[in-house]
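Participant: Following this message is one structure expressed as structure tokens.
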Amino acid sequence: MISPKAQIADTAIIHENVTVEDNVIIHDYVVIYPNTVIKSGCEIYDHCVIGKLPTSPGITSRSLKTVYPVLTVGNNCVLCPSVVLYAGSEIGDHNLFGDYCSIREECIIGSHCIISRNVSVNYNTRIGSYTKIMDNSHITGNMVIGSHVFISVLVATTNDNTMGREDYNEDHVRGASIGDYVTVGAAANILPGVKIGKNAIVGASALVTKDVPENKVVMGIPARIIKDVG
């Protein structure tokens with residue numbers, strides 16, 4: 001169902017079983033795949049791909065599904081050029097997605113977030129509301145990020161301490177858990193399974209190898225507690 005109040009460029013491709021609500025603006029060369037809902041007031045810029053199914057020629061260790069839930073993009077979101085949103089994710093309201101960012105399948109993103117340029121958010125990750133993730137950061141699969149979190153540029157997160165030497169199993173392939181109001185400095189590296197407590201601060205270029213308590217500042221390689229948050 002496509003609302004007559006939506007503005008859709010002639011070059012856009014919209015497949016069957018897509019809902020586009022009132023006052024949506026879709027620019028040139030956008031592709032929207034089936035089982036997608038675009039809520040009212042969204043603007044989708046050139047060359048975005050929405051609702052893409054994950055694919056593999058049989059070389060991935062993690063098996064892929066053939067059916068995913070409906071992808072929902074919430075009210076008044078802005079998708080800048082060349083954003084890719086995979087199938088089965090749930091996107092809240094008033095989010096801004098920067099150029100070339102990618103959100104993989106079955107992610108949940110709250111409202112009022114910024115996912116900036118060239119950010120990659122991998123599969124089955126949850127991000128709370130009012131969180132900002134800056135340019136060129138990688139958010140790994142099976143990760144949880146709270147609300148009001150700030151993640152600076154070039155931050156790397158990983159989820160597999162075996163580095164692919166063992167078969168995929170969610171018991172050991174787990175990303176970090178980042179609590180509400182956490183701040184992560186530029187180029188920090190957060191290793192699998194680490195828990196960062198509420199309101200903690202991770203300094204720039206820190207290597208976080210173990211849990212960080214609430215309200216602590218950690219810095220260094222490996223990261224160590226320096227002081228309390230003021």
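Each chain in the structure tokens gets a letter, A, B and so on, in the order shown; residues start at 1 in every chain, and ligands are counted from 1 in the order they appear.
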Would you list the contacts of Val182 (chain A) as a list in words, taking every protein, DNA or RNA residue within 10 Å and counting only C-alpha atoms, but skipping same-chain residues closer than 3 positions in sequence?

Facilitator: Thr131, Ile145, Gly146, Ser147, His148, Val149, Phe150, Ile151, Ile178, Gly179, Ile196, Gly197, Lys198, Asn199, Ala200, Ile201, Val202, Glu214, Asn215 and Lys216 of chain A

Participant: From the list A:Tyr130, A:Val155, A:Glu90, A:Cys107, which residue is nearest Asp180 (chain A) when using only C-alpha atoms?

Facilitator: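 With only C-alpha atoms as the atom set, the closest residue is A:Tyr130.
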
Participant: Find the residues near region 184-193 of chain A: any atom within 8 Å, counting only C-alpha atoms, skip ones fewer than 4 places away on the same chain, and give them as number ranges by chain.

Facilitator: A: 150-161, 173-177, 201-210

Participant: Quick check for you: according to DSSP on this backbone, which residues of region 144-218 of chain A are classed as strand (DSSP E or B)? Reply as JSON, numbers by chain.

Facilitator: {"A": [144, 145, 150, 151, 156, 157, 160, 173, 177, 178, 183, 184, 189, 190, 195, 196, 201, 202, 207, 208, 212, 216, 217, 218]}

Participant: Selected residues, C-alpha atoms, written as a compact mmCIF listing (two decimals), in the first residue's frame, please.

Facilitator:
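Writing done, so here's again30.txt:
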# COMPACT_ATOMS: atom_id res chain seq x y z
CA VAL A 144 23.57 -4.55 23.14
CA ILE A 145 23.95 -0.77 23.41
CA PHE A 150 27.90 8.28 22.58
CA ILE A 151 30.33 6.25 20.46
CA ALA A 156 35.84 -1.21 16.69
CA THR A 157 33.86 -3.95 18.44
CA ASP A 160 34.31 -13.89 18.60
CA VAL A 173 29.85 -15.33 19.58
CA SER A 177 27.09 -4.91 26.36
CA ILE A 178 27.23 -1.14 26.78
CA THR A 183 30.82 7.50 26.35
CA VAL A 184 33.36 5.75 24.11
CA ASN A 189 38.62 -1.28 20.67
CA ILE A 190 36.06 -3.28 22.69
CA LYS A 195 30.22 -5.37 29.90
CA ILE A 196 30.58 -1.61 30.23
CA ILE A 201 33.82 6.61 30.02
CA VAL A 202 36.19 4.73 27.71
CA LEU A 207 41.68 -1.56 24.41
CA VAL A 208 38.84 -2.84 26.59
CA VAL A 212 34.16 -1.80 33.22
CA LYS A 216 34.43 4.70 36.02
CA VAL A 217 36.88 6.18 33.51
CA VAL A 218 39.13 3.66 31.77

Participant: Quick one: residues within 6 Å of Asp22 (chain A), only C-alpha atoms, excluding same-chain residues fewer than 3 positions away - as an MDAnalysis selection string?

Facilitator: chainID A and resid 3 5:6 40

Participant: Kindly export the residues of the current selection with N, CA and C atoms, as a short mmCIF file (atom, residue, chain, number, x, y, z; two decimals), in the first residue's frame.

Facilitator:
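Here's the written file selection.cif:
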data_model
loop_
_atom_site.label_atom_id
_atom_site.label_comp_id
_atom_site.auth_asym_id
_atom_site.auth_seq_id
_atom_site.Cartn_x
_atom_site.Cartn_y
_atom_site.Cartn_z
N SER A 3 0.76 5.37 -0.02
CA SER A 3 -0.11 6.52 0.21
C SER A 3 -0.06 7.48 -0.97
N LYS A 5 -0.25 10.46 -0.66
CA LYS A 5 0.43 11.64 -0.14
C LYS A 5 1.96 11.47 -0.12
N ALA A 6 2.43 10.31 -0.55
CA ALA A 6 3.87 10.09 -0.63
C ALA A 6 4.41 10.67 -1.94
N SER A 40 5.17 7.30 8.35
CA SER A 40 4.92 8.64 7.83
C SER A 40 6.08 9.60 8.11
#

Participant: One decimal, Å: what's the distance from CA of Pro213 (chain A) over to CA of Gly128 (chain A), could you say?

Facilitator: 19.5 Å

Participant: Env of region 50-61 of chain A: 7 Å cut, atoms = only C-alpha atoms, seq-sep filter 5 positions within chain, self excluded. Answer as an NGL selection string.

Facilitator: :A and (31-34 or 36 or 71 or 84-87 or 167-168)

Participant: Mind pulling up the distance from CA of Val119 (chain A) to CA of Asn169 (chain A)?

Facilitator: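 These atoms are spaced 24.9 Å apart.
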
Participant: Could you list, as an MDAnalysis selection string, every residue within 12 Å of Tyr29 (chain A), counting only C-alpha atoms and ignoring same-chain residues fewer than 6 positions away?

Facilitator: chainID A and resid 8:14 44:50 81:83

Participant: Tell me which of A:Arg104, A:Lys227, A:Lys132, A:His138 sits closest to Ser120 (chain A), counting only C-alpha atoms.

Facilitator: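 Residue with the minimum atom-to-atom distance to Ser120 (chain A): A:His138.
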
Participant: As number ranges by chain, please: the residues near Val78 (chain A) (cut-off 9 Å, only C-alpha atoms, same-chain neighbours under 3 positions excluded).

Facilitator: A: 41-45, 94-98

Participant: With C-alpha atoms retained, write the just-selected residues as a tab-separated table (two decimals), in the first residue's frame.

Facilitator:
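Output (again.tsv):
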chain	number	residue	atom	x	y	z
A	41	GLY	CA	7.21	11.60	7.34
A	42	CYS	CA	10.35	9.68	6.35
A	43	GLU	CA	12.76	10.96	3.71
A	44	ILE	CA	14.87	8.43	1.83
A	45	TYR	CA	17.65	9.82	-0.33
A	94	HIS	CA	13.16	10.39	14.33
A	95	ASN	CA	16.41	8.62	13.48
A	96	LEU	CA	19.14	9.95	11.21
A	97	PHE	CA	21.20	7.50	9.16
A	98	GLY	CA	24.31	8.96	7.52

Participant: One decimal, in Å: what's the spacing between CA of Arg117 (chain A) and CA of Cys101 (chain A)?

Facilitator: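 The value is 5.5 Å.
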